[in-house]
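Q: Dropping in final35.cif, which is mmCIF, C-alpha atoms:
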data_start
#
loop_
_atom_site.group_PDB
_atom_site.id
_atom_site.type_symbol
_atom_site.label_atom_id
_atom_site.label_comp_id
_atom_site.auth_asym_id
_atom_site.auth_seq_id
_atom_site.Cartn_x
_atom_site.Cartn_y
_atom_site.Cartn_z
ATOM 1 C CA MET A 1 36.484 -31.858 -1.272
ATOM 2 C CA LYS A 2 36.367 -33.078 2.332
ATOM 3 C CA THR A 3 39.651 -32.794 4.231
ATOM 4 C CA LEU A 4 40.790 -36.129 5.647
ATOM 5 C CA ASN A 5 41.168 -36.188 9.428
ATOM 6 C CA ILE A 6 44.700 -37.572 9.318
ATOM 7 C CA ASP A 7 48.207 -36.364 10.079
ATOM 8 C CA PRO A 8 50.586 -37.642 7.354
ATOM 9 C CA ALA A 9 53.573 -37.296 9.688
ATOM 10 C CA GLU A 10 51.885 -39.489 12.293
ATOM 11 C CA ILE A 11 51.017 -42.125 9.704
ATOM 12 C CA GLN A 12 54.598 -42.111 8.428
ATOM 13 C CA LYS A 13 55.943 -42.863 11.912
ATOM 14 C CA PHE A 14 54.081 -46.167 11.934
ATOM 15 C CA GLU A 15 54.714 -46.881 8.256
ATOM 16 C CA ASP A 16 58.453 -46.759 8.967
ATOM 17 C CA LEU A 17 58.150 -49.274 11.808
ATOM 18 C CA ALA A 18 55.547 -51.561 10.233
ATOM 19 C CA ASN A 19 57.829 -54.559 9.673
ATOM 20 C CA ARG A 20 58.518 -54.701 13.423
ATOM 21 C CA TRP A 21 54.881 -54.604 14.519
ATOM 22 C CA TRP A 22 54.808 -58.212 15.703
ATOM 23 C CA ASP A 23 58.255 -58.187 17.326
ATOM 24 C CA LYS A 24 57.225 -58.501 20.967
ATOM 25 C CA ASN A 25 60.602 -57.165 22.077
ATOM 26 C CA GLY A 26 60.756 -54.307 19.580
ATOM 27 C CA GLU A 27 59.315 -50.807 19.346
ATOM 28 C CA PHE A 28 55.758 -52.085 19.808
ATOM 29 C CA LYS A 29 56.505 -54.102 22.935
ATOM 30 C CA PRO A 30 54.315 -51.785 25.089
ATOM 31 C CA LEU A 31 51.320 -52.495 22.840
ATOM 32 C CA HIS A 32 51.877 -56.227 23.190
ATOM 33 C CA ASP A 33 52.280 -55.850 26.951
ATOM 34 C CA ILE A 34 49.068 -53.857 27.466
ATOM 35 C CA ASP A 35 47.013 -55.905 25.005
ATOM 36 C CA PRO A 36 45.754 -58.415 27.616
ATOM 37 C CA ILE A 37 44.672 -55.487 29.805
ATOM 38 C CA ARG A 38 42.817 -53.809 26.949
ATOM 39 C CA LEU A 39 41.200 -57.063 25.856
ATOM 40 C CA ASN A 40 40.064 -57.903 29.388
ATOM 41 C CA PHE A 41 38.492 -54.455 29.781
ATOM 42 C CA ILE A 42 36.597 -54.895 26.523
ATOM 43 C CA ASN A 43 35.638 -58.558 26.841
ATOM 44 C CA THR A 44 34.531 -58.225 30.469
ATOM 45 C CA ASN A 45 32.186 -55.339 29.718
ATOM 46 C CA SER A 46 31.116 -56.534 26.257
ATOM 47 C CA PRO A 47 31.618 -60.299 25.821
ATOM 48 C CA LEU A 48 32.928 -60.621 22.275
ATOM 49 C CA ASP A 49 31.857 -64.169 21.450
ATOM 50 C CA GLY A 50 29.570 -63.971 18.422
ATOM 51 C CA LYS A 51 29.681 -60.165 18.236
ATOM 52 C CA THR A 52 30.644 -57.935 15.330
ATOM 53 C CA ALA A 53 33.561 -55.664 16.203
ATOM 54 C CA LEU A 54 35.393 -52.808 14.517
ATOM 55 C CA ASP A 55 38.960 -51.857 15.464
ATOM 56 C CA VAL A 56 39.611 -48.255 14.421
ATOM 57 C CA GLY A 57 43.281 -47.396 13.925
ATOM 58 C CA CYS A 58 44.176 -51.070 14.066
ATOM 59 C CA GLY A 59 47.779 -50.695 12.909
ATOM 60 C CA GLY A 60 49.375 -54.111 12.575
ATOM 61 C CA GLY A 61 46.394 -55.833 14.170
ATOM 62 C CA ILE A 62 47.461 -56.675 17.738
ATOM 63 C CA LEU A 63 44.102 -55.937 19.388
ATOM 64 C CA THR A 64 42.220 -56.906 16.234
ATOM 65 C CA GLU A 65 43.566 -60.454 16.376
ATOM 66 C CA SER A 66 42.952 -60.670 20.114
ATOM 67 C CA MET A 67 39.275 -59.889 19.557
ATOM 68 C CA ALA A 68 39.150 -62.442 16.731
ATOM 69 C CA ARG A 69 40.513 -65.057 19.145
ATOM 70 C CA CYS A 70 37.484 -64.295 21.321
ATOM 71 C CA ASN A 71 35.291 -65.428 18.407
ATOM 72 C CA ALA A 72 34.253 -61.951 17.325
ATOM 73 C CA ASP A 73 33.658 -61.155 13.646
ATOM 74 C CA VAL A 74 36.237 -58.365 13.366
ATOM 75 C CA LYS A 75 37.055 -55.637 10.874
ATOM 76 C CA GLY A 76 40.174 -53.484 11.249
ATOM 77 C CA ILE A 77 40.712 -50.115 9.590
ATOM 78 C CA ASP A 78 43.763 -47.878 9.392
ATOM 79 C CA MET A 79 45.249 -45.278 7.064
ATOM 80 C CA GLY A 80 48.709 -46.856 7.109
ATOM 81 C CA LYS A 81 49.252 -49.083 4.075
ATOM 82 C CA ALA A 82 52.303 -50.913 5.407
ATOM 83 C CA PRO A 83 50.839 -51.778 8.849
ATOM 84 C CA LEU A 84 47.718 -53.143 7.144
ATOM 85 C CA SER A 85 49.859 -55.349 4.897
ATOM 86 C CA ILE A 86 51.595 -56.718 7.998
ATOM 87 C CA ALA A 87 48.221 -57.196 9.704
ATOM 88 C CA ARG A 88 46.803 -59.167 6.751
ATOM 89 C CA LEU A 89 49.866 -61.397 6.515
ATOM 90 C CA HIS A 90 49.953 -62.130 10.248
ATOM 91 C CA ALA A 91 46.211 -62.873 10.361
ATOM 92 C CA MET A 92 46.600 -65.315 7.477
ATOM 93 C CA GLU A 93 49.499 -67.033 9.230
ATOM 94 C CA GLU A 94 47.429 -67.346 12.418
ATOM 95 C CA GLY A 95 44.341 -68.564 10.580
ATOM 96 C CA HIS A 96 42.138 -65.555 11.396
ATOM 97 C CA GLU A 97 39.561 -64.277 8.926
ATOM 98 C CA ILE A 98 39.770 -60.525 9.526
ATOM 99 C CA ASP A 99 38.587 -57.869 7.099
ATOM 100 C CA TYR A 100 41.245 -55.138 6.914
ATOM 101 C CA GLU A 101 40.644 -51.942 4.955
ATOM 102 C CA GLN A 102 42.556 -48.716 4.357
ATOM 103 C CA ILE A 103 39.827 -46.153 5.001
ATOM 104 C CA THR A 104 39.097 -43.363 7.460
ATOM 105 C CA VAL A 105 36.524 -44.002 10.151
ATOM 106 C CA GLU A 106 34.523 -41.010 8.913
ATOM 107 C CA GLU A 107 34.313 -42.513 5.420
ATOM 108 C CA LEU A 108 33.315 -45.902 6.802
ATOM 109 C CA ALA A 109 30.603 -44.297 8.929
ATOM 110 C CA ASP A 110 28.952 -42.969 5.757
ATOM 111 C CA GLY A 111 28.128 -46.575 4.854
ATOM 112 C CA ASP A 112 25.363 -48.808 6.210
ATOM 113 C CA THR A 113 27.232 -51.365 8.338
ATOM 114 C CA ARG A 114 27.025 -51.008 12.125
ATOM 115 C CA TYR A 115 28.853 -52.983 14.843
ATOM 116 C CA ASP A 116 28.154 -54.380 18.303
ATOM 117 C CA VAL A 117 31.548 -53.204 19.578
ATOM 118 C CA VAL A 118 33.772 -50.407 18.284
ATOM 119 C CA THR A 119 37.281 -49.871 19.642
ATOM 120 C CA CYS A 120 39.595 -46.919 19.068
ATOM 121 C CA MET A 121 42.694 -47.471 21.157
ATOM 122 C CA GLU A 122 45.866 -45.343 21.233
ATOM 123 C CA MET A 123 44.729 -43.351 18.211
ATOM 124 C CA LEU A 124 42.948 -40.186 19.337
ATOM 125 C CA GLU A 125 46.228 -38.530 20.312
ATOM 126 C CA HIS A 126 47.526 -38.960 16.751
ATOM 127 C CA VAL A 127 44.806 -37.160 14.739
ATOM 128 C CA PRO A 128 44.015 -33.470 14.111
ATOM 129 C CA ASP A 129 40.352 -33.714 15.239
ATOM 130 C CA PRO A 130 39.635 -36.380 17.879
ATOM 131 C CA SER A 131 35.997 -35.276 18.212
ATOM 132 C CA SER A 132 35.378 -36.256 14.574
ATOM 133 C CA ILE A 133 36.744 -39.744 15.254
ATOM 134 C CA ILE A 134 34.508 -40.105 18.311
ATOM 135 C CA ASP A 135 31.444 -38.986 16.364
ATOM 136 C CA ALA A 136 32.168 -41.456 13.554
ATOM 137 C CA CYS A 137 32.742 -44.308 16.020
ATOM 138 C CA THR A 138 29.357 -43.511 17.556
ATOM 139 C CA ARG A 139 27.629 -43.605 14.180
ATOM 140 C CA LEU A 140 29.240 -46.974 13.462
ATOM 141 C CA THR A 141 27.873 -48.512 16.661
ATOM 142 C CA LYS A 142 24.548 -50.290 16.858
ATOM 143 C CA PRO A 143 22.024 -48.891 19.362
ATOM 144 C CA GLY A 144 22.814 -50.602 22.648
ATOM 145 C CA GLY A 145 26.354 -51.333 21.483
ATOM 146 C CA SER A 146 29.640 -50.407 23.126
ATOM 147 C CA VAL A 147 32.430 -48.014 22.180
ATOM 148 C CA TYR A 148 35.908 -48.134 23.733
ATOM 149 C CA PHE A 149 38.553 -45.423 23.663
ATOM 150 C CA SER A 150 42.026 -45.335 25.146
ATOM 151 C CA THR A 151 44.495 -42.468 25.085
ATOM 152 C CA ILE A 152 46.883 -40.478 27.291
ATOM 153 C CA ASN A 153 45.932 -37.863 29.869
ATOM 154 C CA ARG A 154 47.451 -34.365 29.679
ATOM 155 C CA ASN A 155 49.209 -33.208 32.835
ATOM 156 C CA PRO A 156 52.788 -32.914 34.170
ATOM 157 C CA LYS A 157 52.777 -36.541 35.350
ATOM 158 C CA SER A 158 51.777 -37.880 31.929
ATOM 159 C CA TYR A 159 54.500 -35.776 30.293
ATOM 160 C CA MET A 160 57.109 -37.225 32.635
ATOM 161 C CA PHE A 161 55.907 -40.819 32.276
ATOM 162 C CA ALA A 162 54.705 -41.034 28.649
ATOM 163 C CA ILE A 163 57.363 -38.886 26.998
ATOM 164 C CA VAL A 164 60.398 -38.318 29.222
ATOM 165 C CA GLY A 165 60.218 -41.744 30.861
ATOM 166 C CA ALA A 166 58.884 -43.976 28.070
ATOM 167 C CA GLU A 167 60.657 -42.365 25.114
ATOM 168 C CA TYR A 168 63.921 -41.020 26.539
ATOM 169 C CA LEU A 169 64.834 -42.753 29.798
ATOM 170 C CA MET A 170 63.438 -46.302 29.530
ATOM 171 C CA LYS A 171 63.270 -46.236 25.712
ATOM 172 C CA LEU A 172 59.986 -48.157 25.690
ATOM 173 C CA LEU A 173 58.924 -46.156 22.627
ATOM 174 C CA PRO A 174 60.809 -44.423 19.787
ATOM 175 C CA LYS A 175 61.572 -40.754 20.450
ATOM 176 C CA GLY A 176 58.868 -38.524 18.985
ATOM 177 C CA THR A 177 56.111 -41.120 19.231
ATOM 178 C CA HIS A 178 53.906 -38.703 21.170
ATOM 179 C CA ASP A 179 53.175 -34.979 21.099
ATOM 180 C CA TYR A 180 52.237 -33.704 24.554
ATOM 181 C CA SER A 181 49.946 -31.019 23.115
ATOM 182 C CA LYS A 182 47.774 -33.772 21.603
ATOM 183 C CA PHE A 183 47.222 -35.602 24.888
ATOM 184 C CA ILE A 184 43.575 -35.621 25.992
ATOM 185 C CA LYS A 185 42.067 -35.193 29.437
ATOM 186 C CA PRO A 186 39.249 -37.624 30.317
ATOM 187 C CA SER A 187 36.912 -34.659 30.812
ATOM 188 C CA GLU A 188 37.623 -33.475 27.258
ATOM 189 C CA LEU A 189 37.045 -36.918 25.782
ATOM 190 C CA ASP A 190 33.814 -37.229 27.754
ATOM 191 C CA ILE A 191 32.500 -33.893 26.449
ATOM 192 C CA TRP A 192 33.053 -35.036 22.864
ATOM 193 C CA ALA A 193 31.512 -38.443 23.592
ATOM 194 C CA ARG A 194 28.414 -36.973 25.217
ATOM 195 C CA LYS A 195 27.965 -34.569 22.309
ATOM 196 C CA ALA A 196 28.094 -37.591 20.001
ATOM 197 C CA GLY A 197 25.324 -39.237 22.039
ATOM 198 C CA LEU A 198 27.311 -41.740 24.113
ATOM 199 C CA ALA A 199 26.777 -42.604 27.779
ATOM 200 C CA LEU A 200 29.832 -43.274 29.961
ATOM 201 C CA GLN A 201 29.900 -46.666 31.674
ATOM 202 C CA SER A 202 33.370 -46.907 33.195
ATOM 203 C CA ILE A 203 36.918 -45.588 33.113
ATOM 204 C CA GLU A 204 40.067 -47.535 33.952
ATOM 205 C CA GLY A 205 43.753 -46.676 34.034
ATOM 206 C CA ILE A 206 46.817 -48.588 32.867
ATOM 207 C CA SER A 207 49.844 -48.189 35.121
ATOM 208 C CA TYR A 208 53.481 -49.136 34.517
ATOM 209 C CA ASN A 209 55.843 -50.396 37.201
ATOM 210 C CA PRO A 210 59.425 -49.527 36.168
ATOM 211 C CA VAL A 211 60.839 -51.936 38.765
ATOM 212 C CA THR A 212 59.024 -55.013 37.453
ATOM 213 C CA SER A 213 58.705 -53.632 33.887
ATOM 214 C CA MET A 214 55.048 -54.675 33.912
ATOM 215 C CA PHE A 215 51.749 -52.988 33.122
ATOM 216 C CA ARG A 216 48.559 -53.492 35.143
ATOM 217 C CA SER A 217 45.010 -52.192 35.206
ATOM 218 C CA SER A 218 44.582 -49.438 37.754
ATOM 219 C CA LYS A 219 42.253 -46.794 39.155
ATOM 220 C CA ASP A 220 44.992 -44.270 38.376
ATOM 221 C CA VAL A 221 44.030 -42.480 35.143
ATOM 222 C CA ASP A 222 46.753 -39.819 35.348
ATOM 223 C CA VAL A 223 48.661 -41.250 32.386
ATOM 224 C CA ASN A 224 47.105 -44.027 30.250
ATOM 225 C CA TYR A 225 43.363 -44.612 30.527
ATOM 226 C CA MET A 226 40.497 -46.443 28.831
ATOM 227 C CA MET A 227 36.835 -45.414 28.677
ATOM 228 C CA HIS A 228 33.779 -47.567 27.947
ATOM 229 C CA TYR A 229 30.648 -46.000 26.489
ATOM 230 C CA ILE A 230 27.231 -47.281 25.482
ATOM 231 C CA LYS A 231 25.226 -45.951 22.559
ATOM 232 C CA PRO A 232 21.724 -45.723 24.049
ATOM 233 C CA ARG A 233 18.835 -47.404 22.308
ATOM 234 C CA ALA A 234 16.226 -45.106 20.830
ATOM 235 C CA THR A 235 13.310 -44.452 23.169
#
I need this file expressed as structure tokens, please.
A:
Amino acid sequence: MKTLNIDPAEIQKFEDLANRWWDKNGEFKPLHDIDPIRLNFINTNSPLDGKTALDVGCGGGILTESMARCNADVKGIDMGKAPLSIARLHAMEEGHEIDYEQITVEELADGDTRYDVVTCMEMLEHVPDPSSIIDACTRLTKPGGSVYFSTINRNPKSYMFAIVGAEYLMKLLPKGTHDYSKFIKPSELDIWARKAGLALQSIEGISYNPVTSMFRSSKDVDVNYMMHYIKPRAT
């Protein structure tokens, strides 16, 4: 029997907070705050209007709904039952037709459906084998399509900002949200992506200003960063 590439403890963290997913001043406030930055990065490089899109590790559906508002035909997958229930309810209330499913990305990749755009944001640092997620995302992408990843760099600065600062000092996130040992350097992510057959297009950072309490896109990838890849067409 194939071992699922999930960490039950990580899933439980988000199960416990699921009913607060759409509280823009609650535990998921940072996700709401960075969502316009993530969406702009995706929609600028891969205009979503009329495209099929898959949001891997969608949680309560923040990015998923944003892509639906850009007129993409979106599917969201996650292994958390409670977040998916919240996502379905919120999508219905907002009038979005989004297909949500509790399934691993590896299982979904064994099927026949492929997408123009695949996103996997703030998830790789929460699974036992990130390279398996990247490989499955690649398989789920149409030739010529785009894949987007975002995660947290691993260095002393990211530890201070993402854990000490965000979780303990500024309390932007619940304590224990992140495990420093699971943070991923861009070079590591790129090795896995290239092995999966992806070609890097761009990398962009997300920086936080503690004075203004605002996030912005940045060239600084020391802490949070996003990467855009293309799945080359067959030659």
Q: Hey, what comes out of the PyMOL selection byres ((chain A and resi 94) around 12) on this file? Could you write it as a PyMOL selection string?
A: chain A and resi 61-62+65-66+68-69+87-93+95-98
Q: Record the distance separating atom CA of Met160 of chain A and atom CA of Phe215 of chain A, expressed in Å with one decimal.
A: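 So the two atoms, atom CA of Met160 of chain A and atom CA of Phe215 of chain A, lie 16.7 Å apart.
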Q: Counting all atoms listed in the file, which residue out of A:Ile42, A:Ala166, A:Ile37, A:Ala196 sits closest to Ile133 of chain A?
A: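 With all atoms listed in the file as the atom set, the closest residue is A:Ala196.
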Q: Work out how far atom CA of Leu198 of chain A is from atom CA of Pro128 of chain A, in Å to one decimal.
A: 21.2 Å
Q: Kindly assemble as JSON lines a list of the segment 55-145 of chain A residues that lie within 8 Å of segment 21-25 of chain A, each paired with its nearest atom pair and their distance in Å to one decimal, using only C-alpha atoms, sorted first by chain and then by ascending residue number.
A:
{"residue": "A:Gly60", "atom": "CA", "partner": "A:Trp21", "partner_atom": "CA", "distance": 5.9}
{"residue": "A:Ile62", "atom": "CA", "partner": "A:Trp22", "partner_atom": "CA", "distance": 7.8}
{"residue": "A:Pro83", "atom": "CA", "partner": "A:Trp21", "partner_atom": "CA", "distance": 7.5}
{"residue": "A:Ile86", "atom": "CA", "partner": "A:Trp21", "partner_atom": "CA", "distance": 7.6}
Q: Write out the residues from the selection above, keeping C-alpha atoms, as a JSON list (two decimals), keeping the file's coordinate frame.
A:
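What ended up in out-v6.json:
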[["chain", "number", "residue", "atom", "x", "y", "z"],
["A", 60, "GLY", "CA", 49.38, -54.11, 12.58],
["A", 62, "ILE", "CA", 47.46, -56.68, 17.74],
["A", 83, "PRO", "CA", 50.84, -51.78, 8.85],
["A", 86, "ILE", "CA", 51.60, -56.72, 8.00]]
Q: Would you mind reading off the distance between atom CA of Glu10 of chain A and atom CA of His178 of chain A, one decimal, in Å?
A: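 These atoms are spaced 9.1 Å apart.
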Q: Given the file above and the PyMOL selection byres ((chain A and resi 57) around 10), which residues are selected, and can you give them as an NGL selection string?
A: :A and (54-56 or 58-61 or 64 or 76-80 or 84 or 102-105 or 119-124 or 126)
Q: Using only C-alpha atoms, which residue out of A:Lys231, A:Lys175, A:Lys81, A:Lys157 lies closest to Cys137 of chain A?
A: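 Nearest candidate to Cys137 of chain A out of A:Lys231, A:Lys175, A:Lys81, A:Lys157: A:Lys231.
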Q: Which polymer residues have any atom within 10 Å of an atom of Gly176 of chain A, counting only C-alpha atoms, with same-chain residues fewer than 5 positions away left out, as a list in words?
A: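 Listing them by chain and then by number gives Glu10, Lys13, Ile163, Glu167 and Tyr168 of chain A.
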Q: Please export segment 139-157 of chain A as an mmCIF file, in the first residue's frame, restricted to C-alpha atoms.
A:
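Output contents, as saved in selection.cif:
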data_model
loop_
_atom_site.group_PDB
_atom_site.id
_atom_site.type_symbol
_atom_site.label_atom_id
_atom_site.label_comp_id
_atom_site.auth_asym_id
_atom_site.auth_seq_id
_atom_site.Cartn_x
_atom_site.Cartn_y
_atom_site.Cartn_z
ATOM 1 C CA ARG A 139 2.381 15.763 -14.179
ATOM 2 C CA LEU A 140 -0.887 17.634 -13.649
ATOM 3 C CA THR A 141 0.204 20.530 -15.862
ATOM 4 C CA LYS A 142 -0.464 20.677 -19.575
ATOM 5 C CA PRO A 143 2.596 21.010 -21.836
ATOM 6 C CA GLY A 144 3.256 24.732 -22.093
ATOM 7 C CA GLY A 145 1.380 25.348 -18.849
ATOM 8 C CA SER A 146 2.577 27.076 -15.698
ATOM 9 C CA VAL A 147 3.325 25.844 -12.187
ATOM 10 C CA TYR A 148 3.642 28.160 -9.177
ATOM 11 C CA PHE A 149 5.209 27.368 -5.821
ATOM 12 C CA SER A 150 5.641 29.512 -2.740
ATOM 13 C CA THR A 151 7.360 28.583 0.501
ATOM 14 C CA ILE A 152 9.867 29.857 3.073
ATOM 15 C CA ASN A 153 13.634 30.035 2.666
ATOM 16 C CA ARG A 154 15.906 28.357 5.236
ATOM 17 C CA ASN A 155 18.489 30.638 6.822
ATOM 18 C CA PRO A 156 18.966 32.582 10.088
ATOM 19 C CA LYS A 157 16.975 35.550 8.755
#
